[in-house]
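Shown next: entry.cif, containing mmCIF, C-alpha atoms.
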```cif
data_start
loop_
_atom_site.group_PDB
_atom_site.id
_atom_site.type_symbol
_atom_site.label_atom_id
_atom_site.label_comp_id
_atom_site.auth_asym_id
_atom_site.auth_seq_id
_atom_site.Cartn_x
_atom_site.Cartn_y
_atom_site.Cartn_z
ATOM 1 C CA MET A 9 64.350 158.518 35.470
ATOM 2 C CA SER A 10 62.368 159.740 38.469
ATOM 3 C CA GLU A 11 62.001 157.799 41.683
ATOM 4 C CA ARG A 12 58.750 155.831 41.856
ATOM 5 C CA THR A 13 56.348 157.159 44.474
ATOM 6 C CA PHE A 14 54.829 154.810 46.992
ATOM 7 C CA VAL A 15 51.312 156.194 46.658
ATOM 8 C CA PRO A 16 49.441 157.624 43.649
ATOM 9 C CA ASP A 17 50.280 161.244 42.819
ATOM 10 C CA GLU A 18 46.683 162.316 43.469
ATOM 11 C CA PHE A 19 46.550 160.651 46.903
ATOM 12 C CA VAL A 20 46.236 163.130 49.763
ATOM 13 C CA VAL A 21 48.084 161.874 52.821
ATOM 14 C CA PRO A 22 45.439 161.655 55.565
ATOM 15 C CA ALA A 23 45.674 163.333 58.930
ATOM 16 C CA PRO A 24 47.395 160.976 61.359
ATOM 17 C CA PRO A 25 45.649 159.409 64.345
ATOM 18 C CA VAL A 26 45.202 161.223 67.621
ATOM 19 C CA THR A 27 44.064 159.361 70.739
ATOM 20 C CA PRO A 28 43.854 160.413 74.395
ATOM 21 C CA SER A 29 47.212 158.648 74.977
ATOM 22 C CA PHE A 30 49.232 159.490 71.873
ATOM 23 C CA ARG A 31 49.291 161.272 68.569
ATOM 24 C CA LEU A 32 51.262 160.795 65.375
ATOM 25 C CA GLU A 33 52.947 163.481 63.334
ATOM 26 C CA PRO A 34 55.421 163.260 60.473
ATOM 27 C CA LEU A 35 58.941 162.683 61.777
ATOM 28 C CA ALA A 36 61.110 165.770 61.323
ATOM 29 C CA ALA A 37 64.537 167.105 62.248
ATOM 30 C CA ARG A 38 63.028 169.031 65.169
ATOM 31 C CA HIS A 39 62.303 165.692 66.890
ATOM 32 C CA ASN A 40 66.000 164.738 66.921
ATOM 33 C CA ARG A 41 66.847 165.097 70.599
ATOM 34 C CA ALA A 42 63.606 163.553 71.876
ATOM 35 C CA ASP A 43 63.713 160.769 69.262
ATOM 36 C CA LEU A 44 67.311 159.855 70.113
ATOM 37 C CA THR A 45 66.482 159.792 73.822
ATOM 38 C CA ALA A 46 63.386 157.665 73.208
ATOM 39 C CA TRP A 47 64.927 154.870 71.186
ATOM 40 C CA SER A 48 68.332 154.855 72.855
ATOM 41 C CA SER A 49 66.643 154.262 76.217
ATOM 42 C CA SER A 50 64.863 151.200 74.829
ATOM 43 C CA ILE A 51 67.211 149.411 72.407
ATOM 44 C CA GLU A 52 66.652 145.881 73.709
ATOM 45 C CA HIS A 53 62.908 146.479 74.057
ATOM 46 C CA ILE A 54 62.624 147.713 70.457
ATOM 47 C CA ARG A 55 64.709 144.824 69.117
ATOM 48 C CA ALA A 56 62.275 142.454 70.860
ATOM 49 C CA THR A 57 59.234 144.212 69.345
ATOM 50 C CA PRO A 58 57.424 142.302 66.552
ATOM 51 C CA GLY A 59 58.826 143.452 63.218
ATOM 52 C CA PHE A 60 62.300 144.339 64.529
ATOM 53 C CA ALA A 61 63.748 140.927 65.436
ATOM 54 C CA ASP A 62 65.693 140.455 62.188
ATOM 55 C CA ARG A 63 66.741 144.070 61.735
ATOM 56 C CA HIS A 64 69.959 145.871 62.584
ATOM 57 C CA TRP A 65 68.128 148.843 64.015
ATOM 58 C CA PRO A 66 68.359 150.218 66.562
ATOM 59 C CA PRO A 67 72.137 149.844 66.692
ATOM 60 C CA LEU A 68 73.344 148.256 69.901
ATOM 61 C CA ASP A 69 76.054 150.902 70.244
ATOM 62 C CA GLY A 70 73.600 153.751 69.684
ATOM 63 C CA MET A 71 74.187 156.771 67.455
ATOM 64 C CA THR A 72 75.440 160.288 67.862
ATOM 65 C CA ALA A 73 72.945 163.135 67.671
ATOM 66 C CA ASP A 74 74.346 164.038 64.234
ATOM 67 C CA GLU A 75 73.910 160.466 62.962
ATOM 68 C CA ASN A 76 70.357 160.373 64.284
ATOM 69 C CA LEU A 77 69.615 163.736 62.679
ATOM 70 C CA ARG A 78 70.792 162.431 59.287
ATOM 71 C CA ASP A 79 68.435 159.462 59.729
ATOM 72 C CA LEU A 80 65.499 161.752 60.567
ATOM 73 C CA VAL A 81 66.252 164.014 57.608
ATOM 74 C CA ARG A 82 66.336 160.953 55.318
ATOM 75 C CA HIS A 83 62.920 159.835 56.604
ATOM 76 C CA ALA A 84 61.516 163.364 56.161
ATOM 77 C CA ASP A 85 62.901 163.422 52.606
ATOM 78 C CA ASP A 86 61.208 160.070 51.893
ATOM 79 C CA PHE A 87 57.940 161.591 53.136
ATOM 80 C CA THR A 88 58.340 164.610 50.858
ATOM 81 C CA LYS A 89 59.148 162.352 47.892
ATOM 82 C CA ARG A 90 56.246 160.042 48.876
ATOM 83 C CA THR A 91 58.527 156.996 48.813
ATOM 84 C CA GLY A 92 57.895 156.181 52.485
ATOM 85 C CA PHE A 93 56.135 157.675 55.484
ATOM 86 C CA THR A 94 57.584 157.852 58.980
ATOM 87 C CA TYR A 95 55.662 159.220 61.925
ATOM 88 C CA THR A 96 56.851 160.020 65.398
ATOM 89 C CA VAL A 97 54.542 158.907 68.198
ATOM 90 C CA LEU A 98 54.095 161.638 70.786
ATOM 91 C CA ASP A 99 52.664 161.497 74.273
ATOM 92 C CA ASN A 100 49.322 163.270 74.087
ATOM 93 C CA GLY A 101 49.276 164.171 77.759
ATOM 94 C CA GLY A 102 51.595 167.166 77.486
ATOM 95 C CA ASN A 103 50.749 170.835 77.133
ATOM 96 C CA ALA A 104 50.103 172.329 73.717
ATOM 97 C CA GLY A 105 53.422 172.698 71.941
ATOM 98 C CA ASP A 106 55.186 170.289 74.300
ATOM 99 C CA TYR A 107 55.870 166.760 73.216
ATOM 100 C CA ASP A 108 57.573 163.653 74.430
ATOM 101 C CA VAL A 109 58.561 161.106 71.791
ATOM 102 C CA ILE A 110 57.349 157.696 72.886
ATOM 103 C CA GLY A 111 57.685 155.752 69.633
ATOM 104 C CA CYS A 112 57.760 155.679 65.873
ATOM 105 C CA VAL A 113 55.801 154.224 62.917
ATOM 106 C CA TYR A 114 57.415 153.367 59.563
ATOM 107 C CA ILE A 115 55.324 152.839 56.413
ATOM 108 C CA TYR A 116 57.397 151.724 53.417
ATOM 109 C CA PRO A 117 57.218 149.403 50.435
ATOM 110 C CA ASP A 118 58.433 145.946 51.423
ATOM 111 C CA ARG A 119 62.089 145.411 50.477
ATOM 112 C CA GLU A 120 61.418 142.051 48.842
ATOM 113 C CA ASP A 121 57.981 142.726 47.381
ATOM 114 C CA PRO A 122 57.176 146.403 46.653
ATOM 115 C CA ALA A 123 53.514 145.437 46.092
ATOM 116 C CA VAL A 124 53.338 144.854 49.851
ATOM 117 C CA THR A 125 53.341 147.694 52.351
ATOM 118 C CA SER A 126 55.638 147.016 55.275
ATOM 119 C CA VAL A 127 54.660 148.700 58.531
ATOM 120 C CA ARG A 128 56.703 148.631 61.706
ATOM 121 C CA SER A 129 56.214 150.477 64.959
ATOM 122 C CA TRP A 130 57.856 150.683 68.343
ATOM 123 C CA VAL A 131 57.255 152.374 71.658
ATOM 124 C CA ARG A 132 59.689 153.073 74.486
ATOM 125 C CA ALA A 133 60.099 150.366 77.107
ATOM 126 C CA ASP A 134 58.515 152.586 79.757
ATOM 127 C CA ARG A 135 55.425 152.986 77.524
ATOM 128 C CA ALA A 136 55.164 149.308 76.470
ATOM 129 C CA GLU A 137 51.462 149.255 77.380
ATOM 130 C CA LEU A 138 50.832 151.459 74.308
ATOM 131 C CA ASP A 139 52.297 148.983 71.800
ATOM 132 C CA ALA A 140 49.028 147.103 71.156
ATOM 133 C CA PRO A 141 46.831 150.255 71.107
ATOM 134 C CA LEU A 142 49.263 151.877 68.645
ATOM 135 C CA TYR A 143 49.155 148.765 66.447
ATOM 136 C CA ARG A 144 45.334 148.771 66.456
ATOM 137 C CA GLU A 145 45.044 152.504 65.782
ATOM 138 C CA VAL A 146 47.585 152.487 62.940
ATOM 139 C CA SER A 147 46.089 149.326 61.411
ATOM 140 C CA ALA A 148 42.609 150.876 61.350
ATOM 141 C CA TRP A 149 43.943 154.180 59.959
ATOM 142 C CA LEU A 150 45.804 152.417 57.152
ATOM 143 C CA ALA A 151 42.815 150.232 56.263
ATOM 144 C CA GLU A 152 40.388 153.154 56.237
ATOM 145 C CA HIS A 153 42.413 155.995 54.728
ATOM 146 C CA TRP A 154 45.351 154.656 52.706
ATOM 147 C CA PRO A 155 45.358 153.023 49.231
ATOM 148 C CA PHE A 156 47.358 149.929 50.228
ATOM 149 C CA GLU A 157 46.040 146.523 49.182
ATOM 150 C CA HIS A 158 48.552 144.294 50.975
ATOM 151 C CA ILE A 159 49.936 145.323 54.364
ATOM 152 C CA ARG A 160 52.479 143.411 56.437
ATOM 153 C CA TYR A 161 52.421 144.637 60.043
ATOM 154 C CA ALA A 162 53.423 142.197 62.794
ATOM 155 C CA ALA A 163 50.446 141.652 65.085
ATOM 156 C CA ARG A 164 50.539 142.518 68.771
#
```

Let's see the structure in the file written out as structure tokens.
Amino acid sequence: MSERTFVPDEFVVPAPPVTPSFRLEPLAARHNRADLTAWSSSIEHIRATPGFADRHWPPLDGMTADENLRDLVRHADDFTKRTGFTYTVLDNGGNAGDYDVIGCVYIYPDREDPAVTSVRSWVRADRAELDAPLYREVSAWLAEHWPFEHIRYAAR
């Protein structure tokens, strides 16, 4: 029995949002060092972000680079299998080819009700002013370009 995809087979995943302040791209192993630095510098801030209060991530004791890499590879595998979509949020002020991870967006079926799409996002504590703009941009992108009927994404 094959794993059920999250979106229809014929659905073409749309290009992610790009704004003057940030851009999204699929999370990949190459983001490991910057991703680990981003979230580990903001554990308490992320845990206080809407959508993360009742979760066990990020771990209070952090993770090793190898543990974080396994997590990123799992998310990338979910993307390939179309069972979930995770995007890194990058600072858009850098030079071409340079990036600074400032957050993350997770798009998955809800654990309790797979008919509902669960969306969570976080930004680093030192980029907290981007939390609401990221929420608005992702919400509009999902509504306009994705086939989801019911989305649960904690308002900012």

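Counting all atoms listed in the file and comparing A:Arg160, A:Arg135, A:His53, A:Arg119, the residue that lies closest to A:Trp65 is A:His53.
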
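Each of A:Trp130, A:Ala23, A:Arg41, A:Asp99 was checked against A:Ala61 using only C-alpha atoms; the smallest atom-to-atom distance is that of A:Trp130.
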
Can you tell me, as JSON, the centre and edge lengths (Å, one decimal) of the axis-aligned box enclosing all of stretch 28-38 of chain A's listed atoms after padding each side by 5 Å?
```
{"center_x": 54.2, "center_y": 163.8, "center_z": 67.7, "size_x": 30.7, "size_y": 20.4, "size_z": 24.5}
```

Selection result for the PyMOL selection byres ((chain A and resi 120-126) around 12) on this file, as an MDAnalysis selection string: chainID A and resid 12:15 59:60 91:94 113:119 127:129 147 150:151 154:162

Evaluate the PyMOL selection byres ((chain A and resi 34) around 8) and report residues as a list in words: Leu32, Glu33, Leu35, Ala36, Ala84, Phe87, Phe93, Thr94, Tyr95 and Thr96 of chain A

Contacts of A:Ala163 at 9 Å (all atoms listed in the file; same-chain gap of 4+ positions) as a list in words: Pro58, Gly59, Ala140, Tyr143 and Arg144 of chain A

Okay, now the selection with C-alpha atoms, as a PDB file, keeping the file's coordinate frame?
```
ATOM      1  CA  PRO A  58      57.424 142.302  66.552  1.00  0.00           C
ATOM      2  CA  GLY A  59      58.826 143.452  63.218  1.00  0.00           C
ATOM      3  CA  ALA A 140      49.028 147.103  71.156  1.00  0.00           C
ATOM      4  CA  TYR A 143      49.155 148.765  66.447  1.00  0.00           C
ATOM      5  CA  ARG A 144      45.334 148.771  66.456  1.00  0.00           C
TER       6      ARG A 144
END
```

Two-atom distance - atom CA of A:Ala133, atom CA of A:Trp47 (Å): 8.9 Å
